[in-house]
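Asks: What follows is the file structure16.pdb, containing PDB, C-alpha atoms:
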```pdb
ATOM      1  CA  MET A   1     -19.319   3.864 -20.441
ATOM      2  CA  LEU A   2     -21.803   6.741 -20.288
ATOM      3  CA  ARG A   3     -24.106   6.507 -17.313
ATOM      4  CA  ILE A   4     -27.795   7.046 -18.046
ATOM      5  CA  VAL A   5     -29.327   8.891 -15.113
ATOM      6  CA  LEU A   6     -32.988   7.919 -15.090
ATOM      7  CA  CYS A   7     -33.456   7.719 -11.330
ATOM      8  CA  LEU A   8     -36.678   5.786 -12.024
ATOM      9  CA  LEU A   9     -38.641   9.018 -11.703
ATOM     10  CA  LYS A  10     -42.125   8.793 -13.153
ATOM     11  CA  VAL A  11     -44.478  11.551 -14.167
ATOM     12  CA  ILE A  12     -47.488   9.268 -13.907
ATOM     13  CA  THR A  13     -48.163   7.386 -10.667
ATOM     14  CA  ARG A  14     -50.774   4.840  -9.642
ATOM     15  CA  ARG A  15     -52.536   7.520  -7.575
ATOM     16  CA  HIS A  16     -52.821   9.732 -10.637
ATOM     17  CA  ILE A  17     -54.116   6.809 -12.696
ATOM     18  CA  ARG A  18     -56.818   6.086 -10.120
ATOM     19  CA  ILE A  19     -57.895   9.732 -10.079
ATOM     20  CA  ARG A  20     -58.167   9.787 -13.846
ATOM     21  CA  VAL A  21     -60.229   6.563 -13.875
ATOM     22  CA  VAL A  22     -62.607   8.032 -11.275
ATOM     23  CA  GLN A  23     -62.921  11.234 -13.316
ATOM     24  CA  SER A  24     -63.542   9.251 -16.495
ATOM     25  CA  LEU A  25     -66.274   7.201 -14.828
ATOM     26  CA  TYR A  26     -67.777  10.358 -13.361
ATOM     27  CA  SER A  27     -67.973  11.799 -16.894
ATOM     28  CA  PHE A  28     -69.656   8.597 -18.041
ATOM     29  CA  LEU A  29     -72.195   8.693 -15.201
ATOM     30  CA  ILE A  30     -73.243  12.244 -16.035
ATOM     31  CA  LYS A  31     -73.466  11.237 -19.711
ATOM     32  CA  SER A  32     -70.565  13.324 -21.015
ATOM     33  CA  PRO A  33     -68.952  11.557 -22.825
ATOM     34  CA  SER A  34     -72.039   9.496 -23.525
ATOM     35  CA  ASN A  35     -70.726   6.035 -24.386
ATOM     36  CA  GLU A  36     -68.051   3.564 -23.303
ATOM     37  CA  TYR A  37     -65.843   4.172 -26.337
ATOM     38  CA  GLN A  38     -65.761   7.897 -25.625
ATOM     39  CA  VAL A  39     -65.005   7.438 -21.949
ATOM     40  CA  ARG A  40     -62.064   5.127 -22.740
ATOM     41  CA  SER A  41     -60.763   7.678 -25.240
ATOM     42  CA  PHE A  42     -61.204  10.391 -22.615
ATOM     43  CA  LEU A  43     -59.039   8.420 -20.173
ATOM     44  CA  GLU A  44     -56.241   7.742 -22.675
ATOM     45  CA  SER A  45     -56.228  11.349 -23.852
ATOM     46  CA  SER A  46     -56.079  12.742 -20.308
ATOM     47  CA  LEU A  47     -53.130  10.492 -19.441
ATOM     48  CA  ASN A  48     -51.216  11.582 -22.536
ATOM     49  CA  GLN A  49     -51.729  15.220 -21.583
ATOM     50  CA  VAL A  50     -49.488  14.785 -18.543
ATOM     51  CA  GLN A  51     -46.523  14.529 -20.911
ATOM     52  CA  ASP A  52     -47.743  17.612 -22.780
ATOM     53  CA  LEU A  53     -47.861  19.645 -19.567
ATOM     54  CA  LEU A  54     -44.347  18.516 -18.658
ATOM     55  CA  LEU A  55     -43.064  19.713 -22.037
ATOM     56  CA  LEU A  56     -44.943  23.002 -21.683
ATOM     57  CA  GLU A  57     -43.453  23.631 -18.253
ATOM     58  CA  CYS A  58     -39.974  22.789 -19.533
ATOM     59  CA  SER A  59     -40.494  25.270 -22.379
ATOM     60  CA  LEU A  60     -41.173  27.888 -19.675
ATOM     61  CA  PHE A  61     -37.589  27.380 -18.452
ATOM     62  CA  GLN A  62     -36.361  27.847 -22.005
ATOM     63  CA  LYS A  63     -38.329  31.089 -22.277
ATOM     64  CA  ILE A  64     -36.946  32.324 -18.945
ATOM     65  CA  HIS A  65     -33.393  31.639 -20.092
ATOM     66  CA  ALA A  66     -33.981  33.291 -23.473
ATOM     67  CA  LEU A  67     -35.387  36.442 -21.840
ATOM     68  CA  LEU A  68     -32.451  36.622 -19.433
ATOM     69  CA  GLN A  69     -29.985  36.439 -22.308
ATOM     70  CA  LYS A  70     -31.933  39.061 -24.245
ATOM     71  CA  LYS A  71     -32.108  41.427 -21.277
ATOM     72  CA  SER A  72     -28.398  40.956 -20.571
ATOM     73  CA  LEU A  73     -27.551  41.970 -24.120
ATOM     74  CA  ILE A  74     -29.862  45.010 -24.115
ATOM     75  CA  ILE A  75     -28.565  46.271 -20.781
ATOM     76  CA  LYS A  76     -24.974  45.694 -21.868
ATOM     77  CA  GLN A  77     -25.523  47.936 -24.882
ATOM     78  CA  THR A  78     -27.245  50.727 -22.968
ATOM     79  CA  MET A  79     -25.623  50.760 -19.501
ATOM     80  CA  PHE A  80     -22.256  50.388 -17.877
ATOM     81  CA  ASN A  81     -21.436  46.715 -17.407
ATOM     82  CA  GLU A  82     -20.748  47.093 -13.702
ATOM     83  CA  GLN A  83     -24.231  48.374 -12.895
ATOM     84  CA  LYS A  84     -26.399  46.088 -10.777
ATOM     85  CA  PRO A  85     -29.215  45.288 -13.293
ATOM     86  CA  TYR A  86     -26.698  44.042 -15.809
ATOM     87  CA  LEU A  87     -24.818  41.966 -13.251
ATOM     88  CA  ASN A  88     -28.053  40.406 -11.962
ATOM     89  CA  TYR A  89     -29.313  39.339 -15.372
ATOM     90  CA  VAL A  90     -25.928  38.088 -16.510
ATOM     91  CA  LEU A  91     -25.377  36.081 -13.339
ATOM     92  CA  LEU A  92     -28.744  34.352 -13.699
ATOM     93  CA  ALA A  93     -28.428  33.871 -17.463
ATOM     94  CA  LYS A  94     -25.047  32.189 -16.912
ATOM     95  CA  ASN A  95     -26.313  29.934 -14.126
ATOM     96  CA  PRO A  96     -24.906  26.568 -15.289
ATOM     97  CA  TYR A  97     -27.922  24.613 -14.067
ATOM     98  CA  LEU A  98     -30.422  26.850 -15.861
ATOM     99  CA  PHE A  99     -28.264  26.673 -18.996
ATOM    100  CA  TYR A 100     -28.011  22.863 -18.691
ATOM    101  CA  PHE A 101     -31.767  22.468 -18.235
ATOM    102  CA  SER A 102     -32.975  24.877 -20.907
ATOM    103  CA  ASN A 103     -30.536  23.470 -23.503
ATOM    104  CA  HIS A 104     -31.046  19.803 -22.656
ATOM    105  CA  PRO A 105     -31.311  17.437 -25.679
ATOM    106  CA  ASP A 106     -34.670  16.129 -24.412
ATOM    107  CA  LEU A 107     -36.158  19.585 -25.013
ATOM    108  CA  LYS A 108     -34.935  20.150 -28.564
ATOM    109  CA  ASN A 109     -38.145  18.785 -30.038
ATOM    110  CA  ILE A 110     -40.530  21.004 -28.096
ATOM    111  CA  SER A 111     -43.100  22.202 -30.623
ATOM    112  CA  ASN A 112     -43.184  25.739 -31.969
ATOM    113  CA  GLU A 113     -46.741  25.936 -30.630
ATOM    114  CA  MET A 114     -45.482  25.480 -27.068
ATOM    115  CA  LYS A 115     -42.640  27.943 -27.566
ATOM    116  CA  GLY A 116     -45.081  30.422 -29.059
ATOM    117  CA  PHE A 117     -47.399  29.954 -26.106
ATOM    118  CA  TRP A 118     -44.982  31.806 -23.815
ATOM    119  CA  ILE A 119     -44.671  34.724 -26.246
ATOM    120  CA  LEU A 120     -48.334  35.403 -25.454
ATOM    121  CA  HIS A 121     -47.481  35.417 -21.741
ATOM    122  CA  GLU A 122     -44.116  37.168 -21.886
ATOM    123  CA  SER A 123     -45.050  39.848 -19.345
ATOM    124  CA  PHE A 124     -45.928  37.123 -16.857
ATOM    125  CA  VAL A 125     -42.617  35.330 -17.459
ATOM    126  CA  ASN A 126     -40.805  38.631 -16.866
ATOM    127  CA  SER A 127     -42.704  39.015 -13.588
ATOM    128  CA  LEU A 128     -41.404  35.617 -12.431
ATOM    129  CA  ILE A 129     -37.850  36.741 -13.153
ATOM    130  CA  ASP A 130     -38.424  40.026 -11.310
ATOM    131  CA  GLN A 131     -39.756  38.191  -8.256
ATOM    132  CA  LEU A 132     -36.585  36.141  -8.109
ATOM    133  CA  LEU A 133     -34.263  39.134  -8.567
ATOM    134  CA  GLU A 134     -36.080  41.000  -5.791
ATOM    135  CA  SER A 135     -35.915  38.103  -3.303
ATOM    136  CA  ASP A 136     -33.557  37.966  -0.323
ATOM    137  CA  GLU A 137     -32.312  34.581  -1.497
ATOM    138  CA  TYR A 138     -31.207  36.006  -4.825
ATOM    139  CA  HIS A 139     -29.571  39.009  -3.143
ATOM    140  CA  GLN A 140     -27.460  36.624  -1.052
ATOM    141  CA  TYR A 141     -26.624  34.595  -4.152
ATOM    142  CA  SER A 142     -25.633  37.686  -6.179
ATOM    143  CA  CYS A 143     -23.332  38.893  -3.408
ATOM    144  CA  MET A 144     -21.215  35.728  -3.522
ATOM    145  CA  ASP A 145     -17.793  36.255  -5.081
ATOM    146  CA  ASN A 146     -17.732  32.874  -6.776
ATOM    147  CA  PRO A 147     -20.854  30.720  -6.250
ATOM    148  CA  ASN A 148     -20.157  26.986  -6.286
ATOM    149  CA  ASN A 149     -22.275  24.413  -8.095
ATOM    150  CA  ASP A 150     -24.446  23.701  -5.059
ATOM    151  CA  GLN A 151     -25.265  27.392  -4.716
ATOM    152  CA  HIS A 152     -26.056  27.708  -8.434
ATOM    153  CA  GLN A 153     -28.359  24.696  -8.138
ATOM    154  CA  ASP A 154     -29.975  25.911  -4.912
ATOM    155  CA  ILE A 155     -31.065  29.256  -6.396
ATOM    156  CA  LEU A 156     -32.696  27.507  -9.360
ATOM    157  CA  ILE A 157     -34.510  25.089  -7.044
ATOM    158  CA  TYR A 158     -35.594  28.016  -4.849
ATOM    159  CA  PHE A 159     -36.899  29.838  -7.934
ATOM    160  CA  PHE A 160     -39.005  26.912  -9.063
ATOM    161  CA  LYS A 161     -40.197  25.770  -5.641
ATOM    162  CA  ASN A 162     -41.076  29.165  -4.158
ATOM    163  CA  ILE A 163     -41.929  31.375  -7.130
ATOM    164  CA  VAL A 164     -42.836  29.372 -10.239
ATOM    165  CA  ALA A 165     -44.706  26.353  -8.847
ATOM    166  CA  PRO A 166     -46.940  28.240  -6.336
ATOM    167  CA  SER A 167     -47.903  30.959  -8.838
ATOM    168  CA  GLU A 168     -51.694  31.234  -9.009
ATOM    169  CA  THR A 169     -51.414  33.140 -12.274
ATOM    170  CA  LEU A 170     -49.444  30.273 -13.794
ATOM    171  CA  GLN A 171     -52.100  27.818 -12.641
ATOM    172  CA  GLU A 172     -54.778  29.956 -14.317
ATOM    173  CA  ILE A 173     -52.731  30.109 -17.530
ATOM    174  CA  TYR A 174     -52.404  26.328 -17.622
ATOM    175  CA  GLN A 175     -56.080  25.858 -16.813
ATOM    176  CA  GLU A 176     -57.054  28.036 -19.770
ATOM    177  CA  TYR A 177     -54.835  25.867 -21.970
ATOM    178  CA  SER A 178     -56.409  22.604 -20.739
ATOM    179  CA  LEU A 179     -58.770  21.873 -17.854
ATOM    180  CA  SER A 180     -57.033  18.553 -17.133
ATOM    181  CA  TYR A 181     -53.832  20.419 -16.268
ATOM    182  CA  THR A 182     -55.353  21.435 -12.926
ATOM    183  CA  ASP A 183     -54.934  17.885 -11.627
ATOM    184  CA  ASP A 184     -51.708  17.224 -13.520
ATOM    185  CA  LEU A 185     -49.787  20.279 -12.316
ATOM    186  CA  PRO A 186     -48.891  19.120  -8.766
ATOM    187  CA  LEU A 187     -47.637  15.844 -10.240
ATOM    188  CA  VAL A 188     -45.508  17.569 -12.889
ATOM    189  CA  ASN A 189     -44.176  20.144 -10.402
ATOM    190  CA  THR A 190     -43.093  17.412  -7.977
ATOM    191  CA  TYR A 191     -41.391  15.554 -10.808
ATOM    192  CA  LEU A 192     -39.551  18.641 -12.075
ATOM    193  CA  LEU A 193     -38.407  19.588  -8.573
ATOM    194  CA  LYS A 194     -36.815  16.156  -8.226
ATOM    195  CA  ILE A 195     -35.192  16.482 -11.652
ATOM    196  CA  LEU A 196     -33.702  19.888 -10.779
ATOM    197  CA  GLY A 197     -32.193  18.337  -7.657
ATOM    198  CA  LYS A 198     -30.638  15.484  -9.630
ATOM    199  CA  ILE A 199     -28.878  17.499 -12.357
ATOM    200  CA  ASP A 200     -25.215  16.536 -12.542
ATOM    201  CA  LEU A 201     -23.210  18.950 -14.705
ATOM    202  CA  ASN A 202     -20.619  16.245 -15.323
ATOM    203  CA  HIS A 203     -23.151  13.922 -16.959
ATOM    204  CA  ASN A 204     -25.304  15.014 -19.865
ATOM    205  CA  ALA A 205     -27.364  11.821 -19.793
ATOM    206  CA  LEU A 206     -30.088  12.847 -17.344
ATOM    207  CA  ARG A 207     -33.503  12.101 -18.836
ATOM    208  CA  ILE A 208     -35.825  15.042 -18.281
ATOM    209  CA  ILE A 209     -38.665  13.750 -20.435
ATOM    210  CA  PRO A 210     -39.248  10.086 -19.574
ATOM    211  CA  ASP A 211     -39.968   7.530 -22.259
ATOM    212  CA  LYS A 212     -43.663   6.683 -22.273
ATOM    213  CA  ASN A 213     -42.683   3.018 -22.026
ATOM    214  CA  GLN A 214     -41.480   3.833 -18.528
ATOM    215  CA  TYR A 215     -45.073   4.055 -17.308
ATOM    216  CA  LYS A 216     -46.730   1.763 -19.835
ATOM    217  CA  LYS A 217     -47.779  -0.594 -17.011
ATOM    218  CA  GLU A 218     -49.495   2.220 -15.121
ATOM    219  CA  ILE A 219     -51.484   3.287 -18.186
ATOM    220  CA  LYS A 220     -52.422  -0.327 -18.931
ATOM    221  CA  PHE A 221     -53.575  -0.679 -15.314
ATOM    222  CA  GLY A 222     -55.813   2.379 -15.692
ATOM    223  CA  ILE A 223     -57.387   1.181 -18.935
ATOM    224  CA  ASN A 224     -57.971  -2.311 -17.514
ATOM    225  CA  LEU A 225     -59.473  -0.853 -14.353
ATOM    226  CA  LEU A 226     -61.870   1.344 -16.297
ATOM    227  CA  ASP A 227     -62.854  -1.592 -18.518
ATOM    228  CA  LYS A 228     -63.599  -3.738 -15.445
ATOM    229  CA  VAL A 229     -65.846  -1.017 -14.021
ATOM    230  CA  LEU A 230     -67.735  -0.430 -17.266
ATOM    231  CA  SER A 231     -68.156  -4.157 -17.994
ATOM    232  CA  ASN A 232     -69.344  -5.093 -14.508
ATOM    233  CA  MET A 233     -71.245  -2.010 -13.346
ATOM    234  CA  ASN A 234     -74.441  -3.805 -12.311
ATOM    235  CA  PHE A 235     -72.554  -6.545 -10.451
ATOM    236  CA  ILE A 236     -70.390  -3.975  -8.662
ATOM    237  CA  LYS A 237     -73.427  -1.989  -7.545
ATOM    238  CA  LYS A 238     -74.969  -5.125  -6.054
ATOM    239  CA  GLN A 239     -71.877  -5.574  -3.893
ATOM    240  CA  TYR A 240     -72.572  -2.455  -1.863
ATOM    241  CA  GLN A 241     -76.323  -2.003  -2.285
ATOM    242  CA  TYR A 242     -76.968  -4.063   0.860
ATOM    243  CA  PHE A 243     -74.762  -1.793   2.995
ATOM    244  CA  ILE A 244     -76.524   1.452   2.053
ATOM    245  CA  LYS A 245     -79.231   1.519   4.658
ATOM    246  CA  ASN A 246     -82.179   3.831   4.087
ATOM    247  CA  TRP A 247     -80.468   5.101   0.974
ATOM    248  CA  THR A 248     -80.684   4.170  -2.695
ATOM    249  CA  ILE A 249     -77.807   3.985  -5.148
ATOM    250  CA  ASP A 250     -79.582   6.538  -7.336
ATOM    251  CA  ARG A 251     -79.419   9.054  -4.481
ATOM    252  CA  LEU A 252     -75.655   8.763  -4.084
ATOM    253  CA  VAL A 253     -73.630  11.831  -5.006
ATOM    254  CA  THR A 254     -72.258  11.084  -8.482
ATOM    255  CA  ILE A 255     -68.601  11.535  -7.546
ATOM    256  CA  ASP A 256     -69.052   9.244  -4.515
ATOM    257  CA  SER A 257     -70.676   6.651  -6.741
ATOM    258  CA  ALA A 258     -67.740   6.870  -9.165
ATOM    259  CA  ILE A 259     -65.192   6.460  -6.355
ATOM    260  CA  LEU A 260     -67.070   3.493  -4.872
ATOM    261  CA  ASN A 261     -67.445   1.687  -8.193
ATOM    262  CA  VAL A 262     -63.777   2.071  -9.117
ATOM    263  CA  ALA A 263     -62.562   1.094  -5.639
ATOM    264  CA  ILE A 264     -64.727  -2.031  -5.562
ATOM    265  CA  ALA A 265     -63.657  -3.010  -9.083
ATOM    266  CA  GLU A 266     -60.052  -2.803  -7.955
ATOM    267  CA  MET A 267     -60.786  -4.922  -4.867
ATOM    268  CA  LEU A 268     -62.638  -7.537  -6.930
ATOM    269  CA  TYR A 269     -60.500  -7.857 -10.037
ATOM    270  CA  PHE A 270     -56.961  -6.894  -9.039
ATOM    271  CA  GLU A 271     -56.006  -9.519  -6.508
ATOM    272  CA  ASP A 272     -52.319  -8.552  -6.601
ATOM    273  CA  ILE A 273     -53.176  -5.234  -4.893
ATOM    274  CA  PRO A 274     -53.768  -5.572  -1.112
ATOM    275  CA  PRO A 275     -57.345  -4.462  -0.301
ATOM    276  CA  LYS A 276     -56.122  -2.161   2.464
ATOM    277  CA  VAL A 277     -53.944  -0.330  -0.048
ATOM    278  CA  THR A 278     -56.942   0.082  -2.350
ATOM    279  CA  ILE A 279     -59.143   1.373   0.470
ATOM    280  CA  ASN A 280     -56.536   3.901   1.621
ATOM    281  CA  GLU A 281     -55.981   5.161  -1.929
ATOM    282  CA  TYR A 282     -59.650   5.837  -2.597
ATOM    283  CA  LEU A 283     -60.199   7.395   0.819
ATOM    284  CA  GLU A 284     -57.543   9.968  -0.072
ATOM    285  CA  ILE A 285     -59.208  10.552  -3.435
ATOM    286  CA  ALA A 286     -62.580  11.013  -1.701
ATOM    287  CA  LYS A 287     -61.072  13.597   0.665
ATOM    288  CA  ASP A 288     -59.604  15.549  -2.253
ATOM    289  CA  TYR A 289     -62.530  15.354  -4.658
ATOM    290  CA  SER A 290     -65.603  14.991  -2.450
ATOM    291  CA  THR A 291     -66.104  15.702   1.268
ATOM    292  CA  ASP A 292     -64.828  14.393   4.599
ATOM    293  CA  LYS A 293     -68.274  12.888   5.221
ATOM    294  CA  SER A 294     -68.067  11.121   1.887
ATOM    295  CA  ALA A 295     -64.680   9.679   2.836
ATOM    296  CA  ILE A 296     -66.123   8.308   6.091
ATOM    297  CA  PHE A 297     -69.131   6.919   4.222
ATOM    298  CA  ILE A 298     -66.974   5.254   1.545
ATOM    299  CA  ASN A 299     -64.579   3.894   4.168
ATOM    300  CA  GLY A 300     -67.481   2.262   6.014
ATOM    301  CA  ILE A 301     -68.789   0.526   2.897
ATOM    302  CA  LEU A 302     -65.376  -0.679   1.708
ATOM    303  CA  ASP A 303     -64.493  -1.989   5.174
ATOM    304  CA  GLN A 304     -67.761  -3.933   5.363
ATOM    305  CA  LEU A 305     -67.161  -5.384   1.908
ATOM    306  CA  LEU A 306     -63.662  -6.435   2.914
ATOM    307  CA  ASN A 307     -64.860  -8.049   6.146
ATOM    308  CA  ASN A 308     -67.632  -9.948   4.348
ATOM    309  CA  ARG A 309     -65.537 -11.340   1.492
TER
END
```
Is it possible to give me this structure as structure tokens?

Replies:
Amino acid sequence: MLRIVLCLLKVITRRHIRIRVVQSLYSFLIKSPSNEYQVRSFLESSLNQVQDLLLLECSLFQKIHALLQKKSLIIKQTMFNEQKPYLNYVLLAKNPYLFYFSNHPDLKNISNEMKGFWILHESFVNSLIDQLLESDEYHQYSCMDNPNNDQHQDILIYFFKNIVAPSETLQEIYQEYSLSYTDDLPLVNTYLLKILGKIDLNHNALRIIPDKNQYKKEIKFGINLLDKVLSNMNFIKKQYQYFIKNWTIDRLVTIDSAILNVAIAEMLYFEDIPPKVTINEYLEIAKDYSTDKSAIFINGILDQLLNNR
């Protein structure tokens, strides 16, 4: 019986859902989008774009592999086969893990638009390949007489982890494609790094692109959370108005207000989530999207609310 290797990896996590709900509420508070229907649509659309970014990043691997094969052929026709450039490109093009990944059945349905996207950025893709070929790690790999599977896998993981994922140019390219990708990219990169480490050449059943049903509960949680905030905004504000001494709700920084409202909604209406977990989650979000002072301020309010429940 064929073993399906899902590993229960998820592109979308609860942390990511919470961030997206906060961002959606923030957009609502600054009146863009201007109504509740639009802000719900904004949330659902932004969550779906995570899958789009994953496919786009996978199509980058396909482009890398295609360029390596093309370069190998060109060099073979114009140079002696034993020369170093030819050997380097051929070795990488024949890497069984890169071949497995770029030809995986999950990626057969990548749109022509995504494939065409990398044609516009072909010089950048070539620069990624050059960075790998010029690295000490690749030199060691190319000097091996007969690399084993672990060594083939390690060089691909090194390439992604140390050259592709940290590339500021790549981040700018994705940001131009969609602003929401800025927040999605660390999530997708972490997911892909785990996938690259779990490839088993003896089993062609590894799922690279997860079924959306796999994180249906997370998306439902996000939509329900946003609905609770929007439906109970005045009540939620009353919960913390007392604890803001010498300060009015209207004077709160908008992002801090969004974080507070979502956090309190979760504490009030999602009893299956321990309040301490909720508080810790939104403190981390405050640190990433606001300021350290805001995190301390939000922590103080949420702690007082918890102690007075």

Asks: Given the point (-38.2, 27.3, -5.1) in the file's coordinates, find the residues that have an atom at most 12 Å from it, counting all atoms listed in the file, and give them as a ChimeraX atom specification.

Replies: /A:128,131-132,135,137-138,153-167,189-190,192-194,196-197

Asks: Can you pull out every residue within 7 Å of stretch 43-52 of chain A, counting all atoms listed in the file, but drop anything in the same chain fewer than 4 positions away, and send it as a list in words?

Replies: Arg20, Val21, Ser24, Val39, Leu56, Ser180 and Asp184 of chain A

Asks: Please, what distance in Å, to one decimal, runs between atom CA of A:Leu133 and atom CA of A:Lys94?

Replies: 14.2 Å

Asks: Would you kindly return, as a ChimeraX atom specification, each protein, DNA or RNA residue with an atom no farther than 10 Å from any atom of A:Asp227, considering all atoms listed in the file and excluding same-chain residues fewer than 3 positions away?

Replies: /A:21,36,39-40,221-224,230-233,265

Asks: For A:Tyr97, which of A:Gln38, A:Gln171, A:Gln151, A:Thr13 is the closest residue, counting all atoms listed in the file?

Replies: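 The answer is A:Gln151, which sits nearest to A:Tyr97.
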
Asks: Can you measure atom CA of A:Leu226 to atom CA of A:Ile209 for me? One decimal in Å is fine.

Replies: 26.6 Å

Asks: Step by step, work through what the PyMOL selection byres ((chain A and resi 72) around 8) selects in the shown file, and finish by giving those residues as a PyMOL selection string.

Replies: chain A and resi 68-71+73-76+86+89-90+93

Asks: The PyMOL selection byres ((chain A and resi 299) around 12) - which residues does that actually catch in the file I just gave you? List them as a PyMOL selection string.

Replies: chain A and resi 240+243+256+259-260+263-264+275-276+278-287+292-298+300-306

Asks: Selected residues, C-alpha atoms, written as a PDB file, in the coordinates of the input, please.

Replies:
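Writing done, so here's part.pdb:
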```pdb
ATOM      1  CA  TYR A 240     -72.572  -2.455  -1.863  1.00  0.00           C
ATOM      2  CA  PHE A 243     -74.762  -1.793   2.995  1.00  0.00           C
ATOM      3  CA  ASP A 256     -69.052   9.244  -4.515  1.00  0.00           C
ATOM      4  CA  ILE A 259     -65.192   6.460  -6.355  1.00  0.00           C
ATOM      5  CA  LEU A 260     -67.070   3.493  -4.872  1.00  0.00           C
ATOM      6  CA  ALA A 263     -62.562   1.094  -5.639  1.00  0.00           C
ATOM      7  CA  ILE A 264     -64.727  -2.031  -5.562  1.00  0.00           C
ATOM      8  CA  PRO A 275     -57.345  -4.462  -0.301  1.00  0.00           C
ATOM      9  CA  LYS A 276     -56.122  -2.161   2.464  1.00  0.00           C
ATOM     10  CA  THR A 278     -56.942   0.082  -2.350  1.00  0.00           C
ATOM     11  CA  ILE A 279     -59.143   1.373   0.470  1.00  0.00           C
ATOM     12  CA  ASN A 280     -56.536   3.901   1.621  1.00  0.00           C
ATOM     13  CA  GLU A 281     -55.981   5.161  -1.929  1.00  0.00           C
ATOM     14  CA  TYR A 282     -59.650   5.837  -2.597  1.00  0.00           C
ATOM     15  CA  LEU A 283     -60.199   7.395   0.819  1.00  0.00           C
ATOM     16  CA  GLU A 284     -57.543   9.968  -0.072  1.00  0.00           C
ATOM     17  CA  ILE A 285     -59.208  10.552  -3.435  1.00  0.00           C
ATOM     18  CA  ALA A 286     -62.580  11.013  -1.701  1.00  0.00           C
ATOM     19  CA  LYS A 287     -61.072  13.597   0.665  1.00  0.00           C
ATOM     20  CA  ASP A 292     -64.828  14.393   4.599  1.00  0.00           C
ATOM     21  CA  LYS A 293     -68.274  12.888   5.221  1.00  0.00           C
ATOM     22  CA  SER A 294     -68.067  11.121   1.887  1.00  0.00           C
ATOM     23  CA  ALA A 295     -64.680   9.679   2.836  1.00  0.00           C
ATOM     24  CA  ILE A 296     -66.123   8.308   6.091  1.00  0.00           C
ATOM     25  CA  PHE A 297     -69.131   6.919   4.222  1.00  0.00           C
ATOM     26  CA  ILE A 298     -66.974   5.254   1.545  1.00  0.00           C
ATOM     27  CA  GLY A 300     -67.481   2.262   6.014  1.00  0.00           C
ATOM     28  CA  ILE A 301     -68.789   0.526   2.897  1.00  0.00           C
ATOM     29  CA  LEU A 302     -65.376  -0.679   1.708  1.00  0.00           C
ATOM     30  CA  ASP A 303     -64.493  -1.989   5.174  1.00  0.00           C
ATOM     31  CA  GLN A 304     -67.761  -3.933   5.363  1.00  0.00           C
ATOM     32  CA  LEU A 305     -67.161  -5.384   1.908  1.00  0.00           C
ATOM     33  CA  LEU A 306     -63.662  -6.435   2.914  1.00  0.00           C
TER      34      LEU A 306
END
```

Asks: For the PyMOL selection byres ((chain A and resi 63) around 9), applied here, can you spell out every residue it catches as an mmCIF file with C-alpha atoms, in the coordinates of the input?

Replies:
```cif
data_model
loop_
_atom_site.group_PDB
_atom_site.id
_atom_site.type_symbol
_atom_site.label_atom_id
_atom_site.label_comp_id
_atom_site.auth_asym_id
_atom_site.auth_seq_id
_atom_site.Cartn_x
_atom_site.Cartn_y
_atom_site.Cartn_z
ATOM 1 C CA CYS A 58 -39.974 22.789 -19.533
ATOM 2 C CA SER A 59 -40.494 25.270 -22.379
ATOM 3 C CA LEU A 60 -41.173 27.888 -19.675
ATOM 4 C CA PHE A 61 -37.589 27.380 -18.452
ATOM 5 C CA GLN A 62 -36.361 27.847 -22.005
ATOM 6 C CA ILE A 64 -36.946 32.324 -18.945
ATOM 7 C CA HIS A 65 -33.393 31.639 -20.092
ATOM 8 C CA ALA A 66 -33.981 33.291 -23.473
ATOM 9 C CA LEU A 67 -35.387 36.442 -21.840
ATOM 10 C CA LEU A 68 -32.451 36.622 -19.433
ATOM 11 C CA SER A 102 -32.975 24.877 -20.907
ATOM 12 C CA LYS A 115 -42.640 27.943 -27.566
ATOM 13 C CA TRP A 118 -44.982 31.806 -23.815
ATOM 14 C CA ILE A 119 -44.671 34.724 -26.246
ATOM 15 C CA GLU A 122 -44.116 37.168 -21.886
ATOM 16 C CA VAL A 125 -42.617 35.330 -17.459
#
```

Asks: Quick one: pull the distance between atom CA of A:Leu225 and atom CA of A:Tyr26, Å, one decimal.

Replies: 14.0 Å

Asks: So, with only C-alpha atoms as the atoms that count, which of A:Met144, A:Ile244, A:Ile236, A:Ile195 lies closest to A:Ala258?

Replies: A:Ile236

Asks: Between A:Leu170, A:Leu25, A:Leu185, A:Leu92, which has the minimum distance to A:Ser257 (counting only C-alpha atoms)?

Replies: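 Using only C-alpha atoms, the shortest distance to A:Ser257 belongs to A:Leu25.
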